[in-house]
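Peer 1: Have a look at the structure that comes next, please.
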Amino acid sequence: MTAVDERRLAWAYLSTVAQGASRSLAAAIAERGVVEVAAMVRAGSSGAEFAARMGARAHIDTAATDLERLARAGGRLVTPDDDEWPAWQMLAFDTLDTATDSEAQPLALWVWGTRRLDELADRAIGVVGTRAASGYGEHVTAEIAGDLATDGWTVVSGAAFGVDAAAHRAALGVGGATVAVLACGVDRAYPAAHAVLLRRIADTGLVISEYSPGTTPARYRFLARNRLVAGLSAGVVVVEAGWRSGARNTAAWARRLGRPVTAVPGPVTS
């Protein structure tokens, strides 16, 4: 096994065991190297610092299988060691003094599609909003996302019903690039009705997640997904979002990360 293969397997293992971001784990990797930290977690010798969070899953080592299965589907694992890691966009997470351990930048990103992540994130705008979009909301979303894609911007969204789907479809409709950020493994179509849409996105853009293949959706993972939509974007457009909606959470993350936020509240007749 080459050193590169060993590192990638270590990243994949830690991504699966950690199940999300971890500021303390990232610090340990920076200090000791990903291979050594993975070996410590696997052996149960990482100490109390990681035992509470990862001890119950430390025995789960599906890294080789996950990497092979994703490679067959046209995907890969992108890590901070890789040239295509969007380091500039991720840097904003490191400036958050009040962030919790799980609000750090992702350990790694599982990616489905052939485009380079750093190139798509270089000029990207997040377009998010309500799942129960009105006809007006879907129309405005399509115009905004279509114009952005035509001008060479990547449209980033969460592949949900309503505004998210309208944004992705508009970008695809003009031959533009779009990125779908999932709250589950990239091998799982969620929602299931968007299986074809996600495949189209992967054909010309990317479907990404910080969760390893096979991971199922969960509420906290949607909230974590929102921070990545904001983090990968130079700004966020919110269309018809409720006061307690996930889109508003994305807007809040954008503000924390220093990204401008704009909004289309809805029609004047609403």
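So you can find residues: chains in the structure tokens are A, B, ... in the order shown, residues in each start at 1, and ligands are numbered from 1 in order.
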Which residues come within 6 Å of A:Ala180, counting only C-alpha atoms, excluding same-chain residues fewer than 2 positions away, as a short mmCIF file (atom, residue, chain, number, x, y, z; two decimals) with N, CA, C and O atoms, in the first residue's frame?
Peer 2:
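Full text of around03.cif as output:
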```cif
data_model
loop_
_atom_site.label_atom_id
_atom_site.label_comp_id
_atom_site.auth_asym_id
_atom_site.auth_seq_id
_atom_site.Cartn_x
_atom_site.Cartn_y
_atom_site.Cartn_z
N SER A 157 -27.04 24.30 -3.74
CA SER A 157 -28.28 24.16 -2.97
C SER A 157 -28.32 22.77 -2.36
O SER A 157 -27.36 22.00 -2.47
N GLY A 158 -29.46 22.46 -1.72
CA GLY A 158 -29.53 21.24 -0.93
C GLY A 158 -30.36 20.12 -1.49
O GLY A 158 -30.62 19.14 -0.79
N ALA A 159 -30.81 20.23 -2.75
CA ALA A 159 -31.54 19.15 -3.44
C ALA A 159 -32.89 18.82 -2.81
O ALA A 159 -33.44 17.76 -3.08
N VAL A 207 -22.39 16.21 -6.65
CA VAL A 207 -23.20 15.92 -5.47
C VAL A 207 -22.21 15.62 -4.36
O VAL A 207 -21.33 14.77 -4.52
#
```
Peer 1: Residues of stretch 2-247 of chain A in helix (DSSP H, G or I) according to DSSP, as number ranges by chain?
Peer 2: A: 3-18, 23-32, 34-43, 48-57, 63-72, 87-95, 101-103, 117-122, 135-150, 163-173, 192-204, 219-231, 246-247
Peer 1: Report as number ranges by chain all protein, DNA and RNA residues lying within 10 Å of A:Ala183, evaluated on only C-alpha atoms, omitting residues in the same chain fewer than 2 positions from it.
Peer 2: A: 158-159, 180-181, 185-186, 188, 190, 208-211, 215-226
Peer 1: Show me, as number ranges by chain, the residues that have an atom within 8 Å of stretch 89-100 of chain A when counting only C-alpha atoms, minus same-chain residues fewer than 5 positions from it.
Peer 2: A: 23, 105, 121, 231-233, 256-258
Peer 1: Please produce a file of the residues just selected, as a compact mmCIF listing (two decimals), in the first residue's frame, where the atoms kept are N, CA, C and O atoms.
Peer 2:
```
# COMPACT_ATOMS: atom_id res chain seq x y z
N ARG A 23 -13.64 19.78 15.43
CA ARG A 23 -12.50 20.71 15.53
C ARG A 23 -11.32 20.05 16.26
O ARG A 23 -10.16 20.20 15.86
N GLN A 105 -15.02 23.15 9.92
CA GLN A 105 -15.07 22.71 8.53
C GLN A 105 -15.09 21.19 8.49
O GLN A 105 -14.66 20.53 9.44
N ALA A 121 -16.39 25.72 -6.69
CA ALA A 121 -16.59 26.58 -5.53
C ALA A 121 -15.97 27.96 -5.72
O ALA A 121 -16.26 28.89 -4.95
N GLY A 231 -20.92 27.91 3.40
CA GLY A 231 -19.47 27.99 3.37
C GLY A 231 -18.89 27.90 1.97
O GLY A 231 -17.88 28.54 1.66
N LEU A 232 -19.51 27.11 1.11
CA LEU A 232 -19.01 26.94 -0.25
C LEU A 232 -19.41 28.09 -1.17
O LEU A 232 -18.93 28.17 -2.30
N SER A 233 -20.28 28.96 -0.70
CA SER A 233 -20.84 30.02 -1.54
C SER A 233 -20.23 31.37 -1.22
O SER A 233 -19.89 31.66 -0.07
N ARG A 256 -22.61 34.46 9.68
CA ARG A 256 -21.50 34.13 10.57
C ARG A 256 -20.19 33.98 9.80
O ARG A 256 -19.12 34.32 10.31
N LEU A 257 -20.30 33.50 8.57
CA LEU A 257 -19.10 33.25 7.76
C LEU A 257 -18.70 34.46 6.91
O LEU A 257 -17.76 34.38 6.12
N GLY A 258 -19.44 35.55 7.07
CA GLY A 258 -19.09 36.76 6.34
C GLY A 258 -19.57 36.79 4.91
O GLY A 258 -19.06 37.57 4.10
```
Peer 1: For A:Ser24, which residue out of A:Pro80, A:Glu68, A:Ala87, A:Ser102 is the nearest one, using only C-alpha atoms?
Peer 2: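 Nearest candidate to A:Ser24 out of A:Pro80, A:Glu68, A:Ala87, A:Ser102: A:Ser102.
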Peer 1: Which residue out of A:Arg227, A:Arg259, A:His168, A:Arg69 has the minimum interatomic distance to A:Val155 when only C-alpha atoms are used?
Peer 2: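 Using only C-alpha atoms, A:Val155 sits closest to A:His168.
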Peer 1: I'd like to know which of A:Gly146, A:Trp153, A:His194, A:Thr79 is closest to A:Gly173, using only C-alpha atoms.
Peer 2: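 Closest to A:Gly173, using only C-alpha atoms: A:Gly146.
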Peer 1: What lies within 9 Å of A:Leu67 using only C-alpha atoms, ignoring chain neighbours under 5 positions off, as a list of chain:residue names?
Peer 2: A:Arg8, A:Leu9, A:Ala12, A:Thr62, A:Arg72, A:Gly75, A:Arg76, A:Leu77, A:Pro213
Peer 1: Taking N, CA, C and O atoms for each residue, export the selection above as a PDB file, in the first residue's frame.
Peer 2:
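Below is the file result29.pdb, written as the result:
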```
ATOM      1  N   ARG A   8      -5.508   8.181   2.388  1.00  0.00           N
ATOM      2  CA  ARG A   8      -6.909   8.283   1.957  1.00  0.00           C
ATOM      3  C   ARG A   8      -7.784   7.312   2.741  1.00  0.00           C
ATOM      4  O   ARG A   8      -8.912   7.640   3.115  1.00  0.00           O
ATOM      5  N   LEU A   9      -7.290   6.127   2.987  1.00  0.00           N
ATOM      6  CA  LEU A   9      -8.029   5.162   3.805  1.00  0.00           C
ATOM      7  C   LEU A   9      -8.220   5.708   5.226  1.00  0.00           C
ATOM      8  O   LEU A   9      -9.280   5.520   5.832  1.00  0.00           O
ATOM      9  N   ALA A  12     -10.921   8.358   5.123  1.00  0.00           N
ATOM     10  CA  ALA A  12     -12.234   7.731   4.948  1.00  0.00           C
ATOM     11  C   ALA A  12     -12.699   7.081   6.249  1.00  0.00           C
ATOM     12  O   ALA A  12     -13.875   7.179   6.626  1.00  0.00           O
ATOM     13  N   THR A  62     -15.096   0.606   7.237  1.00  0.00           N
ATOM     14  CA  THR A  62     -15.580   0.297   5.888  1.00  0.00           C
ATOM     15  C   THR A  62     -14.894   1.182   4.845  1.00  0.00           C
ATOM     16  O   THR A  62     -15.406   1.334   3.734  1.00  0.00           O
ATOM     17  N   ARG A  72     -16.474   3.257  -8.294  1.00  0.00           N
ATOM     18  CA  ARG A  72     -17.204   2.576  -9.376  1.00  0.00           C
ATOM     19  C   ARG A  72     -18.360   3.421  -9.880  1.00  0.00           C
ATOM     20  O   ARG A  72     -18.734   3.348 -11.057  1.00  0.00           O
ATOM     21  N   GLY A  75     -17.299   8.521  -8.279  1.00  0.00           N
ATOM     22  CA  GLY A  75     -17.078   9.465  -7.188  1.00  0.00           C
ATOM     23  C   GLY A  75     -15.729   9.268  -6.537  1.00  0.00           C
ATOM     24  O   GLY A  75     -14.919   8.436  -6.952  1.00  0.00           O
ATOM     25  N   ARG A  76     -15.480  10.032  -5.474  1.00  0.00           N
ATOM     26  CA  ARG A  76     -14.194   9.986  -4.792  1.00  0.00           C
ATOM     27  C   ARG A  76     -14.313  10.696  -3.444  1.00  0.00           C
ATOM     28  O   ARG A  76     -15.312  11.366  -3.176  1.00  0.00           O
ATOM     29  N   LEU A  77     -13.293  10.574  -2.654  1.00  0.00           N
ATOM     30  CA  LEU A  77     -13.196  11.301  -1.397  1.00  0.00           C
ATOM     31  C   LEU A  77     -12.196  12.434  -1.589  1.00  0.00           C
ATOM     32  O   LEU A  77     -11.062  12.217  -2.015  1.00  0.00           O
ATOM     33  N   PRO A 213     -20.661   7.058   2.441  1.00  0.00           N
ATOM     34  CA  PRO A 213     -21.722   6.322   1.745  1.00  0.00           C
ATOM     35  C   PRO A 213     -22.517   5.440   2.705  1.00  0.00           C
ATOM     36  O   PRO A 213     -21.963   4.842   3.626  1.00  0.00           O
TER      37      PRO A 213
END
```
Peer 1: Between atom CA of A:Ala10 and atom CA of A:Val35, measure the distance and give it in Å to one decimal.
Peer 2: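 Interatomic distance here is 5.4 Å.
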Peer 1: Within 9 Å of stretch 137-142 of chain A, counting only C-alpha atoms, which residues show up once you throw out same-chain ones fewer than 4 positions away? Write them as a VMD selection string, please.
Peer 2: chain A and resid 127 to 130 133 146 to 147 162 to 171 239 to 240 264 to 267
Peer 1: For N, CA, C and O atoms, I'd like the residues from the last selection saved as a PDB file, in the first residue's frame.
Peer 2:
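selection.pdb, freshly written:
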```pdb
ATOM      1  N   VAL A 127     -28.416  29.137  -3.381  1.00  0.00           N
ATOM      2  CA  VAL A 127     -29.810  29.524  -3.604  1.00  0.00           C
ATOM      3  C   VAL A 127     -30.675  28.531  -2.838  1.00  0.00           C
ATOM      4  O   VAL A 127     -30.723  27.344  -3.184  1.00  0.00           O
ATOM      5  N   VAL A 128     -31.349  28.991  -1.791  1.00  0.00           N
ATOM      6  CA  VAL A 128     -32.121  28.109  -0.921  1.00  0.00           C
ATOM      7  C   VAL A 128     -33.472  28.744  -0.616  1.00  0.00           C
ATOM      8  O   VAL A 128     -33.683  29.932  -0.852  1.00  0.00           O
ATOM      9  N   GLY A 129     -34.370  27.940  -0.057  1.00  0.00           N
ATOM     10  CA  GLY A 129     -35.679  28.464   0.292  1.00  0.00           C
ATOM     11  C   GLY A 129     -36.621  27.373   0.739  1.00  0.00           C
ATOM     12  O   GLY A 129     -36.216  26.234   0.994  1.00  0.00           O
ATOM     13  N   THR A 130     -37.883  27.710   0.785  1.00  0.00           N
ATOM     14  CA  THR A 130     -38.887  26.810   1.321  1.00  0.00           C
ATOM     15  C   THR A 130     -39.111  25.582   0.444  1.00  0.00           C
ATOM     16  O   THR A 130     -38.953  25.636  -0.781  1.00  0.00           O
ATOM     17  N   ALA A 133     -42.733  25.865  -1.941  1.00  0.00           N
ATOM     18  CA  ALA A 133     -42.626  27.094  -2.728  1.00  0.00           C
ATOM     19  C   ALA A 133     -43.914  27.375  -3.496  1.00  0.00           C
ATOM     20  O   ALA A 133     -44.561  26.469  -4.006  1.00  0.00           O
ATOM     21  N   GLY A 146     -30.995  30.604 -13.052  1.00  0.00           N
ATOM     22  CA  GLY A 146     -30.662  30.512 -14.466  1.00  0.00           C
ATOM     23  C   GLY A 146     -29.727  31.614 -14.911  1.00  0.00           C
ATOM     24  O   GLY A 146     -28.760  31.381 -15.652  1.00  0.00           O
ATOM     25  N   ASP A 147     -29.991  32.852 -14.445  1.00  0.00           N
ATOM     26  CA  ASP A 147     -29.121  33.975 -14.794  1.00  0.00           C
ATOM     27  C   ASP A 147     -27.726  33.805 -14.199  1.00  0.00           C
ATOM     28  O   ASP A 147     -26.710  34.096 -14.851  1.00  0.00           O
ATOM     29  N   GLY A 162     -39.086  22.007  -3.699  1.00  0.00           N
ATOM     30  CA  GLY A 162     -39.356  23.433  -3.701  1.00  0.00           C
ATOM     31  C   GLY A 162     -38.239  24.256  -4.322  1.00  0.00           C
ATOM     32  O   GLY A 162     -37.788  23.989  -5.439  1.00  0.00           O
ATOM     33  N   VAL A 163     -37.776  25.249  -3.579  1.00  0.00           N
ATOM     34  CA  VAL A 163     -36.799  26.204  -4.101  1.00  0.00           C
ATOM     35  C   VAL A 163     -35.488  25.526  -4.491  1.00  0.00           C
ATOM     36  O   VAL A 163     -34.907  25.829  -5.542  1.00  0.00           O
ATOM     37  N   ASP A 164     -35.000  24.608  -3.653  1.00  0.00           N
ATOM     38  CA  ASP A 164     -33.732  23.935  -3.964  1.00  0.00           C
ATOM     39  C   ASP A 164     -33.792  23.259  -5.328  1.00  0.00           C
ATOM     40  O   ASP A 164     -32.909  23.444  -6.175  1.00  0.00           O
ATOM     41  N   ALA A 165     -34.823  22.464  -5.539  1.00  0.00           N
ATOM     42  CA  ALA A 165     -34.953  21.738  -6.802  1.00  0.00           C
ATOM     43  C   ALA A 165     -35.093  22.692  -7.977  1.00  0.00           C
ATOM     44  O   ALA A 165     -34.507  22.472  -9.047  1.00  0.00           O
ATOM     45  N   ALA A 166     -35.841  23.769  -7.787  1.00  0.00           N
ATOM     46  CA  ALA A 166     -36.008  24.754  -8.857  1.00  0.00           C
ATOM     47  C   ALA A 166     -34.676  25.391  -9.218  1.00  0.00           C
ATOM     48  O   ALA A 166     -34.390  25.644 -10.396  1.00  0.00           O
ATOM     49  N   ALA A 167     -33.837  25.652  -8.222  1.00  0.00           N
ATOM     50  CA  ALA A 167     -32.523  26.245  -8.472  1.00  0.00           C
ATOM     51  C   ALA A 167     -31.629  25.290  -9.253  1.00  0.00           C
ATOM     52  O   ALA A 167     -30.966  25.679 -10.227  1.00  0.00           O
ATOM     53  N   HIS A 168     -31.582  24.038  -8.823  1.00  0.00           N
ATOM     54  CA  HIS A 168     -30.767  23.046  -9.539  1.00  0.00           C
ATOM     55  C   HIS A 168     -31.239  22.887 -10.985  1.00  0.00           C
ATOM     56  O   HIS A 168     -30.435  22.881 -11.923  1.00  0.00           O
ATOM     57  N   ARG A 169     -32.543  22.752 -11.171  1.00  0.00           N
ATOM     58  CA  ARG A 169     -33.075  22.522 -12.522  1.00  0.00           C
ATOM     59  C   ARG A 169     -32.832  23.719 -13.434  1.00  0.00           C
ATOM     60  O   ARG A 169     -32.562  23.553 -14.629  1.00  0.00           O
ATOM     61  N   ALA A 170     -32.926  24.919 -12.885  1.00  0.00           N
ATOM     62  CA  ALA A 170     -32.686  26.112 -13.697  1.00  0.00           C
ATOM     63  C   ALA A 170     -31.238  26.157 -14.173  1.00  0.00           C
ATOM     64  O   ALA A 170     -30.958  26.489 -15.335  1.00  0.00           O
ATOM     65  N   ALA A 171     -30.305  25.841 -13.287  1.00  0.00           N
ATOM     66  CA  ALA A 171     -28.890  25.827 -13.680  1.00  0.00           C
ATOM     67  C   ALA A 171     -28.637  24.762 -14.744  1.00  0.00           C
ATOM     68  O   ALA A 171     -27.938  25.011 -15.740  1.00  0.00           O
ATOM     69  N   VAL A 239     -35.129  32.409  -0.880  1.00  0.00           N
ATOM     70  CA  VAL A 239     -36.430  32.647  -1.516  1.00  0.00           C
ATOM     71  C   VAL A 239     -37.530  32.021  -0.656  1.00  0.00           C
ATOM     72  O   VAL A 239     -37.505  30.827  -0.383  1.00  0.00           O
ATOM     73  N   GLU A 240     -38.469  32.826  -0.214  1.00  0.00           N
ATOM     74  CA  GLU A 240     -39.658  32.342   0.511  1.00  0.00           C
ATOM     75  C   GLU A 240     -39.323  31.385   1.654  1.00  0.00           C
ATOM     76  O   GLU A 240     -39.770  30.243   1.686  1.00  0.00           O
ATOM     77  N   VAL A 264     -35.727  37.019  -1.227  1.00  0.00           N
ATOM     78  CA  VAL A 264     -36.991  37.282  -1.939  1.00  0.00           C
ATOM     79  C   VAL A 264     -38.081  36.775  -1.004  1.00  0.00           C
ATOM     80  O   VAL A 264     -38.380  35.590  -0.969  1.00  0.00           O
ATOM     81  N   PRO A 265     -38.661  37.671  -0.177  1.00  0.00           N
ATOM     82  CA  PRO A 265     -39.616  37.216   0.841  1.00  0.00           C
ATOM     83  C   PRO A 265     -40.850  36.544   0.258  1.00  0.00           C
ATOM     84  O   PRO A 265     -41.421  35.650   0.872  1.00  0.00           O
ATOM     85  N   GLY A 266     -41.307  36.997  -0.917  1.00  0.00           N
ATOM     86  CA  GLY A 266     -42.514  36.440  -1.504  1.00  0.00           C
ATOM     87  C   GLY A 266     -43.270  37.516  -2.245  1.00  0.00           C
ATOM     88  O   GLY A 266     -42.898  38.701  -2.228  1.00  0.00           O
ATOM     89  N   PRO A 267     -44.362  37.165  -2.905  1.00  0.00           N
ATOM     90  CA  PRO A 267     -45.136  38.155  -3.666  1.00  0.00           C
ATOM     91  C   PRO A 267     -45.828  39.142  -2.738  1.00  0.00           C
ATOM     92  O   PRO A 267     -46.100  38.836  -1.569  1.00  0.00           O
TER      93      PRO A 267
END
```
Peer 1: Need the shell around A:Ala28: protein/DNA/RNA residues with any atom at most 10 Å away, counting only C-alpha atoms. Skip same-chain ones fewer than 6 positions apart. Format as a PyMOL selection string?
Peer 2: chain A and resi 22+34+36-37+46
